[in-house]
Structure formats: structure tokens, C-alpha cells
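Asker: Supplied structure: entry-v8.txt, compact mmCIF, C-alpha atoms.
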```txt
# COMPACT_ATOMS: atom_id res chain seq x y z
CA GLN A 1 12.37 32.88 83.37
CA ALA A 2 15.26 35.25 82.53
CA LEU A 3 16.67 34.68 86.03
CA GLN A 4 16.53 30.91 85.53
CA ALA A 5 18.35 31.21 82.18
CA THR A 6 21.27 32.99 83.87
CA ALA A 7 21.43 30.75 86.94
CA PRO A 8 24.35 28.42 87.56
CA HIS A 9 23.55 24.86 86.56
CA VAL A 10 24.86 21.31 86.76
CA SER A 11 26.68 20.52 83.53
CA GLY A 12 27.37 16.80 83.81
CA HIS A 13 27.04 13.65 85.88
CA ALA A 14 28.38 13.07 89.37
CA GLN A 15 31.71 11.23 89.40
CA PRO A 16 33.27 9.45 92.39
CA VAL A 17 36.65 10.83 93.40
CA TYR A 18 39.19 8.99 95.49
CA THR A 19 42.16 10.25 97.49
CA LEU A 20 45.32 8.61 98.78
CA SER A 21 44.63 6.02 101.44
CA PRO A 22 46.64 6.48 104.67
CA SER A 23 47.19 2.71 104.95
CA PHE A 24 48.64 2.63 101.41
CA VAL A 25 50.94 5.57 102.20
CA ALA A 26 52.08 4.02 105.49
CA SER A 27 52.66 0.42 104.43
CA GLY A 28 51.34 -0.25 100.93
CA SER A 29 48.43 -2.24 102.34
CA GLY A 30 44.91 -1.97 100.93
CA ASP A 31 43.85 0.09 97.95
CA VAL A 32 45.96 3.00 96.73
CA ALA A 33 43.01 5.34 97.24
CA SER A 34 39.75 5.47 99.16
CA PHE A 35 36.48 7.21 98.34
CA ALA A 36 36.58 10.92 99.21
CA TYR A 37 33.60 12.63 97.56
CA MET A 38 31.37 12.92 94.52
CA ALA A 39 32.28 15.65 92.06
CA VAL A 40 29.44 17.33 90.18
CA PRO A 41 30.46 19.59 87.30
CA ALA A 42 28.69 22.95 87.19
CA ARG A 43 28.78 26.02 84.97
CA SER A 44 28.01 29.65 85.72
CA ALA A 45 25.90 31.85 83.46
CA THR A 46 29.17 33.32 82.11
CA GLY A 47 30.56 29.88 81.30
CA GLN A 48 32.96 29.49 84.22
CA GLU A 49 33.48 25.82 85.11
CA ALA A 50 33.33 24.59 88.69
CA SER A 51 33.16 21.33 90.56
CA ILE A 52 30.77 20.86 93.48
CA GLN A 53 32.19 18.33 95.88
CA LEU A 54 29.55 16.34 97.75
CA ALA A 55 30.45 14.32 100.85
CA HIS A 56 28.24 11.70 102.44
CA ARG A 57 27.40 12.63 106.04
CA GLY A 58 25.03 10.34 107.86
CA GLU A 59 21.98 9.91 105.66
CA ALA A 60 22.62 12.91 103.41
CA TRP A 61 24.95 14.28 100.79
CA VAL A 62 26.29 17.71 101.73
CA VAL A 63 28.37 20.27 99.88
CA HIS A 64 31.94 19.78 101.05
CA GLN A 65 33.67 22.31 98.79
CA ILE A 66 33.42 24.11 95.49
CA THR A 67 36.51 24.32 93.30
CA SER A 68 37.29 25.97 90.00
CA ALA A 69 38.47 22.66 88.55
CA GLY A 70 37.30 19.13 88.98
CA PRO A 71 38.64 15.68 88.26
CA PRO A 72 39.60 14.81 84.70
CA ALA A 73 36.71 13.25 82.79
CA VAL A 74 38.14 9.78 82.30
CA SER A 75 36.86 6.31 83.10
CA GLY A 76 38.29 4.08 85.78
CA LYS A 77 39.37 4.80 89.32
CA VAL A 78 40.46 8.46 89.38
CA PHE A 79 42.23 9.74 92.47
CA THR A 80 43.95 12.86 93.62
CA GLU A 81 47.09 13.67 95.51
CA PRO A 82 45.79 17.09 96.61
CA GLN A 83 49.01 18.29 98.24
CA VAL A 84 50.67 18.56 94.82
CA ASP A 85 47.49 19.12 92.75
CA ALA A 86 48.02 15.82 90.92
CA TRP A 87 45.38 13.58 89.35
CA TYR A 88 45.92 9.91 88.53
CA ARG A 89 44.08 6.86 87.25
CA VAL A 90 44.72 3.32 88.45
CA ASP A 91 45.29 1.12 85.41
CA GLY A 92 45.75 -2.46 86.60
CA ASP A 93 48.87 -2.38 88.75
CA ARG A 94 50.03 1.02 87.46
CA VAL A 95 49.41 4.62 88.48
CA VAL A 96 48.96 6.72 85.33
CA PRO A 97 49.23 10.55 85.35
CA LEU A 98 46.27 12.69 84.26
CA ASN A 99 47.77 16.18 84.57
CA ASP A 100 51.16 17.94 84.52
CA SER A 101 51.60 17.73 88.30
CA ALA A 102 51.13 13.98 88.17
CA VAL A 103 53.59 13.66 85.27
CA ALA A 104 56.17 15.49 87.42
CA THR A 105 55.72 12.76 90.06
CA VAL A 106 55.38 9.54 88.06
CA GLY A 107 56.56 10.43 84.54
CA LYS A 108 54.45 10.43 81.39
CA ASP A 109 54.06 6.63 81.37
CA GLY A 110 53.27 6.27 85.07
CA VAL A 111 54.76 3.83 87.58
CA GLY A 112 53.86 0.57 89.25
CA LEU A 113 51.90 0.63 92.50
CA ALA A 114 54.97 -0.42 94.53
CA ARG A 115 57.06 2.47 93.19
CA TYR A 116 54.21 4.94 93.71
CA GLN A 117 53.87 3.77 97.32
CA GLU A 118 57.59 4.48 97.86
CA ILE A 119 57.10 8.01 96.48
CA VAL A 120 54.08 8.88 98.63
CA HIS A 121 55.52 7.15 101.71
CA GLY A 122 58.54 9.45 101.41
CA ARG A 123 56.31 12.50 101.07
CA TYR A 124 53.60 11.84 103.65
CA ALA A 125 54.44 9.01 106.10
CA ASP A 126 55.49 11.53 108.75
CA LYS A 127 52.25 13.52 108.28
CA LEU A 128 49.65 10.76 108.67
CA PRO A 129 46.91 10.74 111.34
CA GLY A 130 48.48 10.26 114.75
CA SER A 131 51.84 11.70 113.67
CA GLU A 132 53.75 14.44 115.48
CA TYR A 133 52.95 16.68 112.49
CA GLN A 134 49.22 16.28 113.18
CA ARG A 135 49.60 16.63 116.96
CA GLN A 136 51.30 19.99 116.42
CA HIS A 137 48.33 21.10 114.26
CA MET A 138 50.53 21.66 111.21
CA LEU A 139 48.94 21.91 107.79
CA GLY A 140 50.65 22.80 104.54
CA GLY A 141 53.72 24.20 106.27
CA TYR A 142 51.96 26.64 108.58
CA GLN A 143 50.55 26.26 112.04
CA THR A 144 46.79 26.05 112.47
CA PRO A 145 44.80 26.63 115.66
CA PRO A 146 43.96 23.53 117.70
CA PRO A 147 40.68 21.92 116.59
CA ALA A 148 38.88 22.88 119.83
CA GLU A 149 39.14 26.58 119.00
CA ASP A 150 36.47 28.07 116.76
CA HIS A 151 37.39 31.30 114.99
CA THR A 152 34.43 31.44 112.64
CA VAL A 153 31.62 33.94 112.47
CA PRO A 154 28.16 33.20 111.09
CA ALA A 155 28.07 31.94 107.53
CA VAL A 156 27.14 34.28 104.71
CA VAL A 157 24.94 32.66 102.09
CA LEU A 158 26.49 33.25 98.69
CA LEU A 159 24.44 31.18 96.31
CA VAL A 160 21.60 28.70 96.26
CA VAL A 161 21.43 26.26 93.37
CA GLY A 162 19.74 22.93 92.71
CA VAL A 163 22.37 20.24 92.56
CA GLY A 164 20.31 17.49 90.99
CA VAL A 165 21.95 14.69 92.97
CA ALA A 166 19.46 12.62 94.95
CA GLY A 167 17.03 15.49 94.45
CA ALA A 168 18.91 17.60 96.98
CA GLY A 169 19.43 21.32 96.90
CA ALA A 170 22.68 22.89 98.03
CA VAL A 171 23.48 26.06 99.87
CA PHE A 172 27.00 27.36 99.34
CA VAL A 173 28.45 29.30 102.22
CA ARG A 174 31.64 31.12 103.01
CA ARG A 175 32.93 31.38 106.54
CA ARG A 176 35.03 34.32 107.56
CA ARG A 177 37.86 33.98 110.05
CA ALA A 178 37.81 36.30 113.05
```
Kindly present the structure from the file in C-alpha cells form.

Answerer:
Amino acid sequence: QALQATAPHVSGHAQPVYTLSPSFVASGSGDVASFAYMAVPARSATGQEASIQLAHRGEAWVVHQITSAGPPAVSGKVFTEPQVDAWYRVDGDRVVPLNDSAVATVGKDGVGLARYQEIVHGRYADKLPGSEYQRQHMLGGYQTPPPAEDHTVPAVVLLVVGVGVAGAGAVFVRRRRA
């Protein structure tokens, strides 16, 4: 029972998180953001906050990533612009900032969807799927190996914790690069 008391645990409800939609970036068509993952807040025995990101693969939810921070706890459609660590909320036809990085992009009062599309089009239109940027395997300003190459070694299990979403358990792993 002492081990259970010190185990990491889920500390809130799963929240859908959205990310910029490539069609919105390219032409302004469709929604500003599309579903990316579910974020489940968690807390370590020492009180450290984390966010378990669950992605839907086939018939199951799987751990996609674990981060030290999650989406802001606000209602409405929350989305991220991960390249600049910005969080926003769609409020009618406006994009409203939820953190300092977002304020740096859209100002403290936010901007209309059309203006936001101009901003992200300028930043990312040349980096969308099918672009020369992608064909050259560029990511974040550095070159990555082509997708066909696998430089991973067997996973090392770091932690096993019950997630409490759809009754699933999660195994967190870290892959080392060769």
C-alpha cells in the first residue's frame, strides 16, 4: 500500500487537443485545427505535473508522448502551434492566446481567423506535407535521417501506470538512438 501511495497518478480528466490543420495553413479552408490527441493530466509522487498524450491508433488509445506541461485548462476548442510552443482557443471567429508565446504571435486580444491564417501561412506553407522541406527530411532546422532508416535500439521500460482512460494501462518507454 505504501508503494501505491507514492505511485504516479492521473490528476484530472482527459481533454481533447487540436493542432493546426494543414489545409487551414495552406489556403484557409476547413477548420483552423484538427484533432491531434487526448491529454490526460498526471502527477508524480513528488508533485511534478505531466501530461500523458494519448493518440487513437486503430481500435486502441496508445501513449503518444509524455510532456512536462499540458494544454491550459480552459473550455472550448483549445489548439496548439507546437513549433512556437503557443496555445490558443477558438472564440467564434477569433483566435485568442492562452500563453505568452501565443500573445507574441496574436497579441493579448487575439486576431480574426483570416489574420491568423496569414500568419501561419507565412510561417509554415513551405513546410507542409509534400513540400521540398519534407522531401529533404528537414525538421526544426536540422536534417533528420530518411524515414526508411531505423536507428533505434530496443525500448527500455521506464514506468508502468494505470491511465484510467477506457480502462487501459500505459507503458512509457524511451528509445535510444544508435

Asker: Taking all atoms of region 95-106 of chain A that the file lists and extending 3 Å past them on each side, where is the centre of the axis-aligned box and how long are its edges? Answer in Å to one decimal, as AutoDock Vina command-line options.

Answerer:
```
--center_x 51.2 --center_y 11.3 --center_z 87.2 --size_x 15.9 --size_y 19.3 --size_z 11.8
```

Asker: Using all atoms listed in the file, which protein or nucleic acid residues come within 6 Å of region 8-25 of chain A? Drop anything in the same chain fewer than 4 positions from it, and give the result as a ChimeraX atom specification.

Answerer: /A:29-30,32-45,79-80,117,120-121

Asker: As an exercise, work out the distance from CA of Val90 (chain A) to CA of Gly70 (chain A) in Å and give it to one decimal place.

Answerer: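 Atom-to-atom, CA of Val90 (chain A) to CA of Gly70 (chain A), that is 17.5 Å.
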
Asker: So, with only C-alpha atoms as the atoms that count, which of A:His56, A:Arg89, A:Arg135, A:Arg123 lies closest to Asp109 (chain A)?

Answerer: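 Of the candidates, the smallest distance to Asp109 (chain A) is held by A:Arg89.
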
Asker: Do you know which residues lie at most 10 Å from (57.4, -3.6, 91.1), with coordinates as in the file and all atoms listed in the file counted, and could you write them as a PyMOL selection string?

Answerer: chain A and resi 93-94+111-116

Asker: Using all atoms listed in the file, collect all residues at a distance of at most 12 Å from (52.5, 15.2, 87.8) as written in the file, then present them as a list in words.

Answerer: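 Counting all atoms listed in the file, I find these residues within 12 Å of (52.5, 15.2, 87.8): Thr80, Glu81, Pro82, Gln83, Val84, Asp85, Ala86, Trp87, Tyr88, Arg89, Val95, Val96, Pro97, Leu98, Asn99, Asp100, Ser101, Ala102, Val103, Ala104, Thr105, Val106, Gly107, Lys108, Asp109, Gly110, Val111 and Tyr116 of chain A.
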
Asker: Can you tell me how far CA of Gln53 (chain A) sits from CA of Thr67 (chain A), in Å to one decimal?

Answerer: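 CA of Gln53 (chain A) sits 7.8 Å away from CA of Thr67 (chain A).
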
Asker: Give me, please, the distance in Å between CA of Ser131 (chain A) and CA of Ala26 (chain A), quoted to one decimal.

Answerer: 11.2 Å

Asker: Taking 4 positions as the minimum chain separation for residues in the same chain, which residues sit within 8 Å of Ala69 (chain A) when counting only C-alpha atoms? Answer as JSON, numbers by chain.

Answerer: {"A": [49, 50, 51]}

Asker: Take the residues that were just selected and, keeping C-alpha atoms, output them as a short mmCIF file (atom, residue, chain, number, x, y, z; two decimals), keeping the file's coordinate frame.

Answerer:
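Output saved as part_7.cif:
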```cif
data_model
loop_
_atom_site.label_atom_id
_atom_site.label_comp_id
_atom_site.auth_asym_id
_atom_site.auth_seq_id
_atom_site.Cartn_x
_atom_site.Cartn_y
_atom_site.Cartn_z
CA GLU A 49 33.48 25.82 85.11
CA ALA A 50 33.33 24.59 88.69
CA SER A 51 33.16 21.33 90.56
#
```

Asker: Of the residues A:Ile66, A:Lys127, A:Asp91, A:Ala55, which is the one nearest to Val78 (chain A), using only C-alpha atoms?

Answerer: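 Smallest distance to Val78 (chain A) is found for A:Asp91.
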